Every structure is written in structure tokens, then in C-alpha cells.
Amino acid sequence: MPFTADSPLVTDVVLSPNHEPRRAAIDMLLLHYTGMESTDEALQRLASPEAKVSSHYLVRQNGAVVQLVPEARRAYHAGVSSWDGETDINSRSIGIEIANPGHDFGCPPYPEEQVAAVVGLCRDILTRHAIRAERVLAHSDVAPARKRDPGEWFFWRELAEAGIGLWVPPHPAMPGRGLAPGDSGEAVLALQQSLARYGYDLVPTGTFDAKTRDVVAAFQRHFRPARVDGLADPSTLATLDDLTAARTARAS
Ligand SMILES: [Zn+2]
């Protein structure tokens with residue numbers, strides 16, 4: 001093996017050349033899909049010096065876990081991103097790439113074996129690092145305008161049931177209009193403040209602009225996936241309120 005795996009769940013070690021020293025302590029776990037039809041091609045890309053991308057782990061569809069970068073090192077998976085005022089997400093996070101072809105290939109489901117392996121790996125990582133529940137995030141959470149992974153069909157509920165991440169049951173569709181692009185005023189300001197306080201990269205302005213829509217869509221992908229359209233309908237607003245309350249309850 002090119003280096004000693006950090007987790008006993010690792011079945012294969014393939015060293016990626018794409019890593020460097022961290023500039024901050026680990027306090028985030030970031031989940032991705034590979035977005036490629038072939039897992040082997042995704043693995044090759046994550047280990048290619050030209051691509052300049054990498055992740056700490058890749059979980060195959062059959063549940064096999066490959067480690068590419070030691071956890072102590074900074075891998076290149078987040079790109080331009082931001083959470084809770086921090087922009088060097090790579091320095092603070094462990095990145096897991098989960099083999100799934102993604103939106104461009106019809107959003108195929110994550111197989112059961114793969115879900116179980118990701119649950120196991122996350123639990124194992126969380127025993128070794130102090131990562132708060134609300135900092136187990138999607139790539140789309142930290143880069144809402146650029147990224148959609150790991151997708152609105154991702155298994156956040158299963159992770160939460162295993163004690164991983166902060167998640168609340170989404171509210172079903174409710175009557176009413178809510179807030180939409182072009183709206184402005186106190187209610188929009190309150191929505192933006194709520195999303196920004198949770199960690200999303202959004203400056204509250206009181207105007208529902210394109211950036212607000214991207215962030216609302218990212219929130220929906222993770223927390224209210226039944227409809228991802230960036231419109232803050234009543235069910236989205238109610239789910240955000242529940243999530244904020246759950247976070248406050250944890251913090252106190
Ligand atoms: Zn990603």
C-alpha cells in the first residue's frame with residue numbers, strides 16, 4: 001500500500017498526487033457524487049496529476065471504499081466554495097466521492113450496499129474528528145451556484161437515522177405562495193438571514209435575487225427535495241424553520 005489507510009473500512013489504497021498540507025483543523029465532512037458513468041474513470045481522474053482534483057475517499061456502488069489522500073492532508077474536492085464565512089473548505093474538510101453518474105445520466109439511485117458503506121465510513125470518520133452535525137454537508141451546500149451533487153435523491157434521511165448530520169423531516173406541500181425572485185422586504189430579509197445564519201454564503205439584502213434563488217435551491221436539494229426550484233414556498237420555509245430550531249436545540 002502506498003500509505004496506511006486511516007479507516008479499517010478501506011478496501012483499497014490508490015495514492016492521488018493531488019494534496020498538500022492543511023491550513024486549518026478538520027471540522028467538516030463534504031459529500032459528493034462522481035458524476036461520471038464509469039467509476040474507474042472517476043478514480044483515474046481523482047488520481048491524475050493533470051486533473052488537479054482529488055478526494056480522501058471514493059465509495060464504489062458495491063460498497064468498496066478506496067482511499068486516495070490521507071486525512072491529514074488537504075485534498076482538492078470543494079473548489080471555489082464557502083460555508084459559515086470560511087472559503088478554504090478543502091483545508092477544513094474530509095471529502096467523500098460517492099460513485100453515481102448524477103444528474104447528467106438520469107439521477108440513478110444509490111444502491112443499498114453503497115448507502116451502508118457510506119454510513120459506515122462517515123461514522124468511522126466522525127469517531128476520529130470533532131465535526132458538528134450541521135457541518136456534514138453536500139458539495140451543493142458550499143457551492144450553490146456551481147454544484148448539484150450529491151443530488152436531491154441522496155440518502156440524507158438514512159444518514160441522519162444513523163446519527164450522521166443534521167436533518168429534519170421535510171414539510172409536505174402546503175398552500176400559499178411564499179417568496180419568489182423579484183420579491184423584497186422584511187420577509188425576504190428574514191429568509192436570507194436564516195439561510196446565512198445556517199451557513200449558506202448569502203448576504204442578506206432584502207431582495208430575492210438570483211443568488212438567493214441558488215441558495216434556496218441548494219437548501220431544497222438537501223432538506224426539502226420533493227421540488228428543487230429555488231422558490232421559497234411555504235413548505236420550504238417551514239422546513240427551514242424546523243432545521244433552525246433543531247440546530248438551536250443542539251447548540252444549547
Ligand atoms: Zn462534488
# chains A, B, ... in the order shown; residues from 1 in each chain; ligands from 1
>>> residues_around(residues="A:Ser48", least_positions_apart="6", cutoff="12 Å", atoms="only C-alpha atoms", output="ChimeraX atom specification")
/A:14-19,41-42,54-55,68,76
>>> residues_near_ligand(ligand="ligand 1", cutoff="6 Å", atoms="only C-alpha atoms and all ligand atoms", output="list in words")
His32, Tyr33, His139 and Asp149 of chain A
>>> atom_distance(atom1="atom CA of A:Ala217", atom2="atom CA of A:Asp229")
5.8 Å
>>> closest_residue(among="A:Thr4, A:Asn100, A:Asn90, A:Thr11", to="A:Pro70", atoms="only C-alpha atoms")
A:Thr4
>>> closest_residue(among="A:Arg23, A:Lys52, A:Arg221, A:Arg135", to="A:Arg73", atoms="only C-alpha atoms")
A:Arg23
>>> select_by_dssp(residues="stretch 96-239 of chain A", states="strand (DSSP E)", output="MDAnalysis selection string")
chainID A and resid 96:98 136:138
>>> residues_around(residues="stretch 187-196 of chain A", least_positions_apart="5", cutoff="8 Å", atoms="only C-alpha atoms", output="PyMOL selection string")
chain A and resi 84+179+201-208+212+215+237+240+244
>>> write_last_selection(atoms="all heavy atoms", output="short mmCIF file (atom, residue, chain, number, x, y, z; two decimals), in the first residue's frame")
data_model
loop_
_atom_site.label_atom_id
_atom_site.label_comp_id
_atom_site.auth_asym_id
_atom_site.auth_seq_id
_atom_site.Cartn_x
_atom_site.Cartn_y
_atom_site.Cartn_z
N ASP A 84 -20.35 29.26 6.24
CA ASP A 84 -20.23 29.92 7.54
C ASP A 84 -19.07 30.92 7.55
O ASP A 84 -18.32 31.00 8.53
CB ASP A 84 -20.06 28.86 8.64
CG ASP A 84 -20.48 29.38 10.01
OD1 ASP A 84 -21.17 30.41 10.08
OD2 ASP A 84 -20.10 28.75 11.02
N LEU A 179 -42.21 33.04 -1.04
CA LEU A 179 -41.38 34.12 -1.56
C LEU A 179 -40.71 33.68 -2.85
O LEU A 179 -40.33 32.52 -2.98
CB LEU A 179 -40.31 34.49 -0.52
CG LEU A 179 -40.85 34.95 0.84
CD1 LEU A 179 -39.75 34.94 1.89
CD2 LEU A 179 -41.48 36.34 0.72
N ASP A 201 -23.70 30.81 1.94
CA ASP A 201 -23.00 32.01 1.51
C ASP A 201 -23.99 32.98 0.88
O ASP A 201 -24.25 32.92 -0.32
CB ASP A 201 -21.91 31.62 0.50
CG ASP A 201 -21.14 32.82 -0.01
OD1 ASP A 201 -21.11 33.85 0.70
OD2 ASP A 201 -20.57 32.73 -1.11
N LEU A 202 -24.58 33.82 1.71
CA LEU A 202 -25.61 34.73 1.24
C LEU A 202 -25.58 35.99 2.10
O LEU A 202 -25.63 35.90 3.33
CB LEU A 202 -26.98 34.03 1.36
CG LEU A 202 -28.18 34.73 0.73
CD1 LEU A 202 -27.99 34.90 -0.77
CD2 LEU A 202 -29.45 33.92 1.01
N VAL A 203 -25.49 37.14 1.46
CA VAL A 203 -25.53 38.41 2.19
C VAL A 203 -26.97 38.91 2.19
O VAL A 203 -27.55 39.16 1.13
CB VAL A 203 -24.60 39.45 1.54
CG1 VAL A 203 -24.68 40.78 2.29
CG2 VAL A 203 -23.16 38.94 1.51
N PRO A 204 -27.59 39.03 3.38
CA PRO A 204 -28.98 39.49 3.42
C PRO A 204 -29.13 40.91 2.88
O PRO A 204 -28.48 41.84 3.36
CB PRO A 204 -29.32 39.42 4.92
CG PRO A 204 -28.36 38.42 5.49
CD PRO A 204 -27.10 38.61 4.70
N THR A 205 -29.96 41.06 1.86
CA THR A 205 -30.17 42.37 1.23
C THR A 205 -31.64 42.79 1.28
O THR A 205 -31.96 43.95 1.04
CB THR A 205 -29.77 42.32 -0.25
OG1 THR A 205 -30.57 41.31 -0.90
CG2 THR A 205 -28.30 41.99 -0.43
N GLY A 206 -32.53 41.82 1.51
CA GLY A 206 -33.95 42.13 1.46
C GLY A 206 -34.55 41.99 0.08
O GLY A 206 -35.76 42.17 -0.11
N THR A 207 -33.72 41.65 -0.91
CA THR A 207 -34.22 41.44 -2.27
C THR A 207 -33.95 40.01 -2.72
O THR A 207 -32.83 39.52 -2.61
CB THR A 207 -33.54 42.42 -3.26
OG1 THR A 207 -33.86 43.75 -2.84
CG2 THR A 207 -34.04 42.21 -4.67
N PHE A 208 -34.99 39.33 -3.20
CA PHE A 208 -34.87 37.94 -3.65
C PHE A 208 -34.23 37.94 -5.03
O PHE A 208 -34.90 38.05 -6.06
CB PHE A 208 -36.26 37.29 -3.69
CG PHE A 208 -36.25 35.79 -3.64
CD1 PHE A 208 -36.95 35.10 -2.66
CD2 PHE A 208 -35.56 35.06 -4.59
CE1 PHE A 208 -36.97 33.72 -2.61
CE2 PHE A 208 -35.57 33.66 -4.55
CZ PHE A 208 -36.28 33.00 -3.56
N THR A 212 -29.97 34.39 -4.17
CA THR A 212 -30.91 33.84 -3.17
C THR A 212 -31.58 32.60 -3.73
O THR A 212 -31.73 31.59 -3.04
CB THR A 212 -31.96 34.91 -2.81
OG1 THR A 212 -31.29 36.09 -2.36
CG2 THR A 212 -32.90 34.41 -1.72
N VAL A 215 -29.30 29.64 -3.55
CA VAL A 215 -29.14 29.12 -2.18
C VAL A 215 -30.41 28.40 -1.74
O VAL A 215 -30.34 27.34 -1.10
CB VAL A 215 -28.74 30.26 -1.21
CG1 VAL A 215 -28.83 29.80 0.24
CG2 VAL A 215 -27.34 30.76 -1.53
N LEU A 237 -40.10 27.09 3.60
CA LEU A 237 -39.92 28.00 4.74
C LEU A 237 -40.14 27.27 6.06
O LEU A 237 -39.39 27.45 7.02
CB LEU A 237 -40.89 29.18 4.62
CG LEU A 237 -40.65 30.12 3.42
CD1 LEU A 237 -41.81 31.11 3.26
CD2 LEU A 237 -39.33 30.87 3.58
N LEU A 240 -37.17 25.01 6.80
CA LEU A 240 -36.03 25.82 7.26
C LEU A 240 -36.21 26.23 8.72
O LEU A 240 -35.25 26.19 9.50
CB LEU A 240 -35.87 27.05 6.35
CG LEU A 240 -34.79 28.07 6.73
CD1 LEU A 240 -33.40 27.42 6.79
CD2 LEU A 240 -34.77 29.23 5.74
N THR A 244 -33.62 25.20 11.69
CA THR A 244 -33.03 26.23 12.55
C THR A 244 -33.29 25.90 14.02
O THR A 244 -32.40 26.00 14.86
CB THR A 244 -33.61 27.61 12.18
OG1 THR A 244 -33.35 27.84 10.79
CG2 THR A 244 -32.97 28.71 12.99
#
>>> closest_atom_pairs(of="stretch 133-159 of chain A", to="stretch 105-119 of chain A", cutoff="9 Å", atoms="only C-alpha atoms", output="CSV")
residue,atom,partner,partner_atom,distance
A:Gly151,CA,A:Cys107,CA,7.7
A:Glu152,CA,A:Cys107,CA,8.9
A:Trp153,CA,A:Pro109,CA,7.1
A:Phe154,CA,A:Tyr110,CA,7.3
A:Phe155,CA,A:Val115,CA,7.4
A:Glu158,CA,A:Val119,CA,8.0
A:Leu159,CA,A:Val119,CA,6.0
>>> closest_residue(among="A:Asp242, A:Glu134, A:Asp124, A:Asp12", to="A:Tyr200", atoms="only C-alpha atoms")
A:Glu134
>>> residues_around(residues="A:Thr87", least_positions_apart="3", cutoff="12 Å", atoms="only C-alpha atoms", output="PyMOL selection string")
chain A and resi 23-24+78-84+90-93+142-143+199-201
>>> residues_around(residues="A:Ile96", least_positions_apart="6", cutoff="6 Å", atoms="only C-alpha atoms", output="PDB file with all heavy atoms, in the first residue's frame")
ATOM      1  N   LEU A  31     -19.827  15.710   1.137  1.00  0.00           N
ATOM      2  CA  LEU A  31     -20.234  14.555   0.344  1.00  0.00           C
ATOM      3  C   LEU A  31     -20.499  14.960  -1.103  1.00  0.00           C
ATOM      4  O   LEU A  31     -21.130  15.994  -1.368  1.00  0.00           O
ATOM      5  CB  LEU A  31     -21.476  13.915   0.970  1.00  0.00           C
ATOM      6  CG  LEU A  31     -21.281  13.529   2.442  1.00  0.00           C
ATOM      7  CD1 LEU A  31     -22.551  12.927   3.022  1.00  0.00           C
ATOM      8  CD2 LEU A  31     -20.128  12.551   2.604  1.00  0.00           C
ATOM      9  N   TYR A  57     -11.736   9.936  -0.059  1.00  0.00           N
ATOM     10  CA  TYR A  57     -12.304   8.604  -0.274  1.00  0.00           C
ATOM     11  C   TYR A  57     -13.154   8.572  -1.533  1.00  0.00           C
ATOM     12  O   TYR A  57     -13.729   9.592  -1.942  1.00  0.00           O
ATOM     13  CB  TYR A  57     -13.189   8.212   0.915  1.00  0.00           C
ATOM     14  CG  TYR A  57     -12.444   8.105   2.221  1.00  0.00           C
ATOM     15  CD1 TYR A  57     -12.460   9.160   3.136  1.00  0.00           C
ATOM     16  CD2 TYR A  57     -11.715   6.963   2.540  1.00  0.00           C
ATOM     17  CE1 TYR A  57     -11.761   9.079   4.329  1.00  0.00           C
ATOM     18  CE2 TYR A  57     -11.015   6.869   3.739  1.00  0.00           C
ATOM     19  CZ  TYR A  57     -11.039   7.931   4.629  1.00  0.00           C
ATOM     20  OH  TYR A  57     -10.337   7.840   5.811  1.00  0.00           O
ATOM     21  N   LEU A  58     -13.266   7.385  -2.098  1.00  0.00           N
ATOM     22  CA  LEU A  58     -14.258   7.118  -3.140  1.00  0.00           C
ATOM     23  C   LEU A  58     -14.991   5.839  -2.735  1.00  0.00           C
ATOM     24  O   LEU A  58     -14.340   4.841  -2.392  1.00  0.00           O
ATOM     25  CB  LEU A  58     -13.597   6.948  -4.507  1.00  0.00           C
ATOM     26  CG  LEU A  58     -14.577   6.622  -5.640  1.00  0.00           C
ATOM     27  CD1 LEU A  58     -14.180   7.351  -6.922  1.00  0.00           C
ATOM     28  CD2 LEU A  58     -14.646   5.127  -5.928  1.00  0.00           C
TER      29      LEU A  58
END
>>> select_by_dssp(residues="stretch 10-143 of chain A", states="alpha helix (DSSP H)", output="ChimeraX atom specification")
/A:39-46,89-92,112-128,139-142
>>> atom_distance(atom1="atom CA of A:Ala238", atom2="atom CA of A:Leu29")
25.8 Å
>>> residues_around(residues="A:Gln220", least_positions_apart="5", cutoff="7 Å", atoms="only C-alpha atoms", output="mmCIF file with C-alpha atoms, in the first residue's frame")
data_model
loop_
_atom_site.group_PDB
_atom_site.id
_atom_site.type_symbol
_atom_site.label_atom_id
_atom_site.label_comp_id
_atom_site.auth_asym_id
_atom_site.auth_seq_id
_atom_site.Cartn_x
_atom_site.Cartn_y
_atom_site.Cartn_z
ATOM 1 C CA PRO A 225 -36.013 17.561 -2.074
ATOM 2 C CA VAL A 228 -35.972 21.879 -6.232
ATOM 3 C CA THR A 236 -39.545 25.163 2.209
#
>>> closest_residue(among="A:Ala180, A:Ile125, A:Leu43, A:Ala133", to="A:Leu166", atoms="only C-alpha atoms")
A:Ala133
>>> residues_around(residues="A:Leu9", least_positions_apart="5", cutoff="8 Å", atoms="only C-alpha atoms", output="list in words")
Val65, Gly120 and Leu121 of chain A
>>> atom_distance(atom1="atom CA of A:Glu20", atom2="atom CA of A:Ala75")
7.0 Å
>>> closest_residue(among="A:Thr39, A:Leu30, A:Arg45, A:Arg197", to="A:Ile131", atoms="only C-alpha atoms")
A:Leu30
>>> decode(residues="stretch 150-165 of chain A", atoms="all heavy atoms", output="compact mmCIF listing (two decimals), in the first residue's frame")
# COMPACT_ATOMS: atom_id res chain seq x y z
N PRO A 150 -24.39 15.92 -3.89
CA PRO A 150 -24.70 14.58 -4.41
C PRO A 150 -26.16 14.39 -4.86
O PRO A 150 -26.55 13.25 -5.10
CB PRO A 150 -24.38 13.66 -3.21
CG PRO A 150 -24.73 14.50 -2.01
CD PRO A 150 -24.36 15.92 -2.41
N GLY A 151 -26.91 15.45 -5.03
CA GLY A 151 -28.23 15.34 -5.67
C GLY A 151 -29.39 15.23 -4.71
O GLY A 151 -29.27 14.84 -3.55
N GLU A 152 -30.56 15.61 -5.21
CA GLU A 152 -31.77 15.67 -4.36
C GLU A 152 -32.32 14.29 -4.02
O GLU A 152 -33.21 14.17 -3.19
CB GLU A 152 -32.83 16.57 -5.01
CG GLU A 152 -33.21 16.23 -6.43
CD GLU A 152 -32.28 16.87 -7.47
OE1 GLU A 152 -31.13 17.25 -7.13
OE2 GLU A 152 -32.70 16.96 -8.64
N TRP A 153 -31.78 13.24 -4.65
CA TRP A 153 -32.21 11.88 -4.31
C TRP A 153 -31.21 11.21 -3.35
O TRP A 153 -31.27 10.01 -3.11
CB TRP A 153 -32.40 11.04 -5.58
CG TRP A 153 -31.12 10.77 -6.35
CD1 TRP A 153 -30.38 9.61 -6.31
CD2 TRP A 153 -30.43 11.65 -7.23
NE1 TRP A 153 -29.27 9.74 -7.10
CE2 TRP A 153 -29.27 10.97 -7.69
CE3 TRP A 153 -30.66 12.95 -7.68
CZ2 TRP A 153 -28.36 11.56 -8.57
CZ3 TRP A 153 -29.75 13.53 -8.56
CH2 TRP A 153 -28.63 12.85 -8.99
N PHE A 154 -30.30 12.00 -2.81
CA PHE A 154 -29.28 11.47 -1.90
C PHE A 154 -29.92 11.04 -0.57
O PHE A 154 -30.99 11.52 -0.21
CB PHE A 154 -28.21 12.53 -1.65
CG PHE A 154 -27.01 12.02 -0.91
CD1 PHE A 154 -26.13 11.14 -1.52
CD2 PHE A 154 -26.77 12.41 0.40
CE1 PHE A 154 -25.02 10.66 -0.83
CE2 PHE A 154 -25.66 11.93 1.09
CZ PHE A 154 -24.79 11.07 0.47
N PHE A 155 -29.23 10.16 0.16
CA PHE A 155 -29.82 9.50 1.33
C PHE A 155 -29.53 10.21 2.66
O PHE A 155 -29.06 9.61 3.62
CB PHE A 155 -29.35 8.03 1.39
CG PHE A 155 -27.87 7.83 1.12
CD1 PHE A 155 -26.95 7.76 2.16
CD2 PHE A 155 -27.40 7.70 -0.19
CE1 PHE A 155 -25.60 7.57 1.92
CE2 PHE A 155 -26.04 7.51 -0.43
CZ PHE A 155 -25.14 7.45 0.62
N TRP A 156 -29.88 11.50 2.72
CA TRP A 156 -29.67 12.26 3.97
C TRP A 156 -30.46 11.66 5.13
O TRP A 156 -30.02 11.67 6.28
CB TRP A 156 -30.05 13.72 3.77
CG TRP A 156 -29.21 14.42 2.76
CD1 TRP A 156 -29.59 14.83 1.51
CD2 TRP A 156 -27.83 14.81 2.88
NE1 TRP A 156 -28.53 15.43 0.86
CE2 TRP A 156 -27.46 15.43 1.67
CE3 TRP A 156 -26.88 14.67 3.91
CZ2 TRP A 156 -26.16 15.93 1.46
CZ3 TRP A 156 -25.61 15.18 3.69
CH2 TRP A 156 -25.26 15.79 2.48
N ARG A 157 -31.66 11.18 4.84
CA ARG A 157 -32.50 10.61 5.89
C ARG A 157 -31.83 9.39 6.54
O ARG A 157 -31.75 9.28 7.77
CB ARG A 157 -33.86 10.19 5.31
CG ARG A 157 -34.77 9.51 6.34
CD ARG A 157 -35.92 8.80 5.64
NE ARG A 157 -36.84 9.72 5.00
CZ ARG A 157 -37.95 10.20 5.57
NH1 ARG A 157 -38.28 9.84 6.78
NH2 ARG A 157 -38.72 11.03 4.91
N GLU A 158 -31.30 8.51 5.70
CA GLU A 158 -30.63 7.32 6.22
C GLU A 158 -29.40 7.70 7.04
O GLU A 158 -29.12 7.09 8.08
CB GLU A 158 -30.23 6.38 5.07
CG GLU A 158 -31.37 5.62 4.44
CD GLU A 158 -32.17 6.44 3.42
OE1 GLU A 158 -31.89 7.65 3.24
OE2 GLU A 158 -33.09 5.87 2.80
N LEU A 159 -28.67 8.70 6.58
CA LEU A 159 -27.51 9.16 7.34
C LEU A 159 -27.96 9.68 8.70
O LEU A 159 -27.38 9.35 9.74
CB LEU A 159 -26.76 10.26 6.57
CG LEU A 159 -25.95 9.80 5.36
CD1 LEU A 159 -25.39 11.01 4.62
CD2 LEU A 159 -24.80 8.89 5.76
N ALA A 160 -29.02 10.50 8.71
CA ALA A 160 -29.50 11.08 9.97
C ALA A 160 -29.96 9.98 10.91
O ALA A 160 -29.73 10.05 12.13
CB ALA A 160 -30.62 12.07 9.69
N GLU A 161 -30.61 8.97 10.37
CA GLU A 161 -31.08 7.86 11.21
C GLU A 161 -29.92 7.11 11.84
O GLU A 161 -30.07 6.48 12.88
CB GLU A 161 -31.97 6.91 10.39
CG GLU A 161 -33.37 7.50 10.19
CD GLU A 161 -34.19 6.77 9.13
OE1 GLU A 161 -33.69 5.78 8.54
OE2 GLU A 161 -35.32 7.20 8.87
N ALA A 162 -28.74 7.20 11.21
CA ALA A 162 -27.54 6.57 11.77
C ALA A 162 -26.75 7.56 12.63
O ALA A 162 -25.62 7.28 13.01
CB ALA A 162 -26.67 6.03 10.64
N GLY A 163 -27.34 8.74 12.89
CA GLY A 163 -26.68 9.72 13.76
C GLY A 163 -25.67 10.60 13.04
O GLY A 163 -24.82 11.23 13.67
N ILE A 164 -25.78 10.68 11.71
CA ILE A 164 -24.82 11.47 10.92
C ILE A 164 -25.54 12.68 10.30
O ILE A 164 -26.49 12.52 9.54
CB ILE A 164 -24.22 10.62 9.79
CG1 ILE A 164 -23.53 9.38 10.38
CG2 ILE A 164 -23.26 11.44 8.94
CD1 ILE A 164 -23.52 8.20 9.44
N GLY A 165 -25.07 13.87 10.63
CA GLY A 165 -25.62 15.08 10.02
C GLY A 165 -26.85 15.59 10.74
O GLY A 165 -27.45 14.89 11.56
